[in-house]
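Peer 1: Okay, here's the structure, questions in a sec.
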Amino acid sequence: MEKEPPYPITSVDHALHLALLLQQEGPLRVSEASRRLGVSVSTAHRLLAMLVYRGFAQQRPDRLYEAGDVLRPAAATAAPVALLRRVALSHMEELARRAQESVNLIVLAEAEARFVATAESAQVLRVGSRAGRTLPAHLTSGGKVLLAALPPEDLTSLYEADGEVDLPRLRRELGLVRRRGFAINDQRTEAGLTAVAVGIQDGDGRTVASVALAMPSVRFSRERLPEWVKELHTTAADIARELA
């Protein structure tokens with residue numbers, strides 16, 4: 001056991017302790033979190049809200065809090081994540097400025113879409129950072145772009161034993177993504193959120209990541225879709241040139 005640091009930050013300690021409790025002991029009510037940490041109910045609620053915001057916790061329909069995606073063992077990804085983030089971020093920020101919507105960088109980790117960086121829109125009503133989150137790849141726009149680039153046998157190995165995914169239907173959807181050159185997630189992962197994504201290729205022509213515009217669904221417009229897709233392809237090409 002390490003010694004307590006000379007200048008501890010109590011709020012950080014409480015948040016980390018709470019994350020460990022969720023991971024190791026399972027779901028908690030706010031009142032139980034308050035008792036375990038020795039803090040007020042309102043403080044426990046604020047701590048849990050921050051853990052939810054960063055993906056370390058999630059609230060179930062029965063109001064209990066449980067460990068979030070970030071606390072699950074992370075699946076491996078073949079993408080050069082550190083390089084991608086370093087190269088892509090300035091291009092993502094420029095796209096967010098032009099499009100006035102948030103921009104996400106996504107890689108594939110087995111059957112999950114991992115969000116590795118976000119450039120947030122400056123608008124008051126916007127999609128916040130998703131960096132560090134993981135979502136089912138077959139539901140997200142960026143994940144579908146990456147799945148569409150896989151060899152058929154790799155897609156089969158990911159989903160053949162998954163009883164919750166209709167593999168023939170997914171194959172048809174991914175075929176459409178390949179023909180169009182982009183994918184859309186219209187509120188399949190979160191109510192009120194719509195995203196459009198295209199792929200990013202490395203110097204060998206492999207699709208190693210995707211870049212997505214994410215927006216409140218009230219601002220999504222089919223008429224603007226060609227404009228957004230063009231902007232995304234321009235950004236993806238700029239990132240690809242630097243990667244090469």
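Chain labels A, B, ... are given in the sequence in which chains occur in the structure tokens; within each chain residues are numbered consecutively from 1, and ligands are likewise numbered from 1 in the order shown.
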Find the residues around range 8-22 of chain A up to 9 Å (only C-alpha atoms counted), leave out those fewer than 2 positions away in its own chain, and share them as number ranges by chain.

Peer 2: A: 4-6, 24-28, 33, 36-37, 39, 44, 47-48, 50-51, 56-57, 65-68, 71

Peer 1: Pick out each residue of range 11-233 of chain A that DSSP on the backbone tags as strand (DSSP E or B); I need them as a ChimeraX atom specification.

Peer 2: /A:28,57-59,65-67,102-109,112-119,134-136,183-186,193-201,207-216

Peer 1: Would you mind reading off the distance between CA of Asp186 in chain A and CA of Arg63 in chain A, one decimal, in Å?

Peer 2: 26.5 Å

Peer 1: Which residues are near range 212-226 of chain A? Cut-off 6 Å, only C-alpha atoms, ignore same chain within fewer than 6 positions. Put them as number ranges by chain.

Peer 2: A: 101-104, 127, 192-197

Peer 1: What's the 12 Å shell around Val165 in chain A, counting only C-alpha atoms, without same-chain residues fewer than 2 positions away, as a CSV table (one decimal) with all heavy atoms, in the first residue's frame?

Peer 2:
chain,number,residue,atom,x,y,z
A,111,ALA,N,-15.2,-5.5,-31.6
A,111,ALA,CA,-16.6,-5.1,-32.1
A,111,ALA,C,-17.0,-3.8,-31.5
A,111,ALA,O,-18.2,-3.5,-31.5
A,111,ALA,CB,-17.6,-6.2,-31.7
A,136,PRO,N,-20.9,0.1,-29.1
A,136,PRO,CA,-21.0,-1.0,-30.1
A,136,PRO,C,-20.7,-0.5,-31.5
A,136,PRO,O,-21.4,0.4,-32.0
A,136,PRO,CB,-22.4,-1.6,-30.0
A,136,PRO,CG,-22.8,-1.2,-28.6
A,136,PRO,CD,-22.2,0.1,-28.3
A,137,ALA,N,-19.8,-1.0,-32.2
A,137,ALA,CA,-19.3,-0.5,-33.5
A,137,ALA,C,-20.5,-0.5,-34.5
A,137,ALA,O,-20.6,0.4,-35.4
A,137,ALA,CB,-18.1,-1.3,-34.0
A,138,HIS,N,-21.3,-1.6,-34.5
A,138,HIS,CA,-22.4,-1.7,-35.5
A,138,HIS,C,-23.5,-0.7,-35.4
A,138,HIS,O,-24.3,-0.6,-36.3
A,138,HIS,CB,-22.9,-3.1,-35.5
A,138,HIS,CG,-23.8,-3.4,-34.3
A,138,HIS,ND1,-23.2,-3.7,-33.1
A,138,HIS,CD2,-25.1,-3.6,-34.2
A,138,HIS,CE1,-24.2,-3.9,-32.2
A,138,HIS,NE2,-25.3,-3.9,-32.9
A,139,LEU,N,-23.5,0.1,-34.3
A,139,LEU,CA,-24.5,1.1,-34.1
A,139,LEU,C,-24.0,2.5,-34.4
A,139,LEU,O,-24.8,3.4,-34.7
A,139,LEU,CB,-25.0,1.1,-32.7
A,139,LEU,CG,-25.7,-0.2,-32.2
A,139,LEU,CD1,-26.1,0.0,-30.7
A,139,LEU,CD2,-26.9,-0.5,-33.1
A,155,LEU,N,-15.5,-9.9,-40.4
A,155,LEU,CA,-16.8,-9.5,-39.9
A,155,LEU,C,-17.6,-10.7,-39.3
A,155,LEU,O,-18.2,-10.6,-38.2
A,155,LEU,CB,-17.6,-8.9,-41.0
A,155,LEU,CG,-18.9,-8.2,-40.6
A,155,LEU,CD1,-18.7,-6.9,-39.8
A,155,LEU,CD2,-19.8,-7.9,-41.8
A,156,THR,N,-17.5,-11.8,-40.0
A,156,THR,CA,-18.2,-13.0,-39.5
A,156,THR,C,-17.6,-13.5,-38.2
A,156,THR,O,-18.4,-13.8,-37.3
A,156,THR,CB,-18.0,-14.2,-40.5
A,156,THR,OG1,-18.5,-13.8,-41.8
A,156,THR,CG2,-18.6,-15.5,-40.0
A,158,LEU,N,-16.4,-11.7,-35.9
A,158,LEU,CA,-16.8,-10.7,-34.8
A,158,LEU,C,-18.3,-11.0,-34.4
A,158,LEU,O,-18.6,-10.8,-33.2
A,158,LEU,CB,-16.7,-9.3,-35.3
A,158,LEU,CG,-15.3,-8.7,-35.3
A,158,LEU,CD1,-15.4,-7.3,-35.9
A,158,LEU,CD2,-14.7,-8.6,-33.9
A,159,TYR,N,-19.2,-11.3,-35.3
A,159,TYR,CA,-20.6,-11.3,-35.0
A,159,TYR,C,-21.3,-12.6,-35.2
A,159,TYR,O,-22.5,-12.7,-34.8
A,159,TYR,CB,-21.3,-10.3,-35.9
A,159,TYR,CG,-20.9,-8.8,-35.5
A,159,TYR,CD1,-20.0,-8.1,-36.4
A,159,TYR,CD2,-21.3,-8.2,-34.4
A,159,TYR,CE1,-19.7,-6.8,-36.1
A,159,TYR,CE2,-20.9,-6.9,-34.0
A,159,TYR,CZ,-20.1,-6.2,-34.9
A,159,TYR,OH,-19.7,-5.0,-34.6
A,160,GLU,N,-20.7,-13.7,-35.7
A,160,GLU,CA,-21.4,-14.9,-35.9
A,160,GLU,C,-22.0,-15.5,-34.7
A,160,GLU,O,-23.1,-16.0,-34.7
A,160,GLU,CB,-20.4,-15.9,-36.5
A,160,GLU,CG,-21.1,-17.2,-37.1
A,160,GLU,CD,-20.1,-18.0,-37.9
A,160,GLU,OE1,-18.9,-18.1,-37.4
A,160,GLU,OE2,-20.5,-18.6,-38.9
A,161,ALA,N,-21.3,-15.4,-33.5
A,161,ALA,CA,-21.8,-15.9,-32.3
A,161,ALA,C,-22.6,-14.9,-31.5
A,161,ALA,O,-23.0,-15.2,-30.3
A,161,ALA,CB,-20.7,-16.5,-31.5
A,162,ASP,N,-22.8,-13.7,-32.0
A,162,ASP,CA,-23.5,-12.7,-31.3
A,162,ASP,C,-25.0,-12.8,-31.6
A,162,ASP,O,-25.4,-12.4,-32.7
A,162,ASP,CB,-23.0,-11.3,-31.6
A,162,ASP,CG,-23.5,-10.2,-30.7
A,162,ASP,OD1,-24.6,-10.3,-30.2
A,162,ASP,OD2,-22.8,-9.2,-30.6
A,163,GLY,N,-25.8,-13.2,-30.6
A,163,GLY,CA,-27.2,-13.4,-30.9
A,163,GLY,C,-28.0,-12.1,-31.0
A,163,GLY,O,-29.1,-12.1,-31.4
A,167,LEU,N,-26.6,-10.6,-38.5
A,167,LEU,CA,-25.4,-10.5,-39.3
A,167,LEU,C,-25.8,-10.2,-40.8
A,167,LEU,O,-25.2,-9.4,-41.5
A,167,LEU,CB,-24.5,-11.7,-39.2
A,167,LEU,CG,-23.2,-11.7,-39.9
A,167,LEU,CD1,-22.4,-10.4,-39.6
A,167,LEU,CD2,-22.4,-12.9,-39.6
A,168,PRO,N,-26.8,-10.9,-41.4
A,168,PRO,CA,-27.2,-10.7,-42.8
A,168,PRO,C,-27.6,-9.2,-43.0
A,168,PRO,O,-27.3,-8.6,-43.9
A,168,PRO,CB,-28.3,-11.6,-43.0
A,168,PRO,CG,-28.0,-12.8,-42.1
A,168,PRO,CD,-27.5,-12.1,-40.9
A,169,ARG,N,-28.4,-8.7,-42.0
A,169,ARG,CA,-28.9,-7.3,-42.1
A,169,ARG,C,-27.7,-6.4,-42.0
A,169,ARG,O,-27.6,-5.4,-42.7
A,169,ARG,CB,-29.9,-7.0,-41.0
A,169,ARG,CG,-30.4,-5.6,-41.0
A,169,ARG,CD,-31.4,-5.4,-39.9
A,169,ARG,NE,-31.9,-4.0,-39.9
A,169,ARG,CZ,-32.8,-3.5,-39.1
A,169,ARG,NH1,-33.3,-4.3,-38.2
A,169,ARG,NH2,-33.1,-2.3,-39.1
A,170,LEU,N,-26.7,-6.7,-41.1
A,170,LEU,CA,-25.6,-5.8,-40.9
A,170,LEU,C,-24.7,-5.8,-42.2
A,170,LEU,O,-24.2,-4.8,-42.6
A,170,LEU,CB,-24.7,-6.3,-39.7
A,170,LEU,CG,-23.4,-5.5,-39.5
A,170,LEU,CD1,-23.7,-4.0,-39.2
A,170,LEU,CD2,-22.7,-6.2,-38.3
A,171,ARG,N,-24.6,-7.0,-42.8
A,171,ARG,CA,-23.8,-7.0,-44.1
A,171,ARG,C,-24.5,-6.1,-45.2
A,171,ARG,O,-23.7,-5.4,-45.9
A,171,ARG,CB,-23.8,-8.5,-44.6
A,171,ARG,CG,-22.9,-9.4,-43.8
A,171,ARG,CD,-22.7,-10.7,-44.6
A,171,ARG,NE,-22.0,-11.7,-43.7
A,171,ARG,CZ,-20.7,-11.8,-43.5
A,171,ARG,NH1,-19.9,-10.8,-44.0
A,171,ARG,NH2,-20.2,-12.7,-42.7

Peer 1: For Thr234 in chain A, which of A:Ala76, A:Val87, A:Met92, A:Ala131 is the closest residue, counting only C-alpha atoms?

Peer 2: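 Result for the nearest residue to Thr234 in chain A: A:Met92.
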
Peer 1: Enter the distance from CA of Ala240 in chain A to CA of Gly203 in chain A, in Å, rounded to one decimal.

Peer 2: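 Straight-line distance from CA of Ala240 in chain A to CA of Gly203 in chain A works out to 7.1 Å.
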
Peer 1: Report, in Å to a single decimal, how far apart CA of Arg98 in chain A and CA of Glu120 in chain A are.

Peer 2: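 The value is 11.8 Å.
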
Peer 1: If you count only C-alpha atoms, which residues fall within 8 Å of Val145 in chain A, apart from same-chain ones fewer than 6 positions away, as a PyMOL selection string?

Peer 2: chain A and resi 174+177-178+182-183+197-199+210

Peer 1: I need the residues in range 33-223 of chain A that are helix (DSSP H, G or I) according to DSSP; give them as a PyMOL selection string.

Peer 2: chain A and resi 33-37+41-53+69-71+81-99+141-148+152-159+167-180+217-219+222-223

Peer 1: Skip Leu84 in chain A itself and residues of its chain fewer than 2 positions away, then list as number ranges by chain all residues within 12 Å of it, counting only C-alpha atoms.

Peer 2: A: 78-82, 86-92, 104-107, 115-117, 200-202, 208-211, 236, 238-244
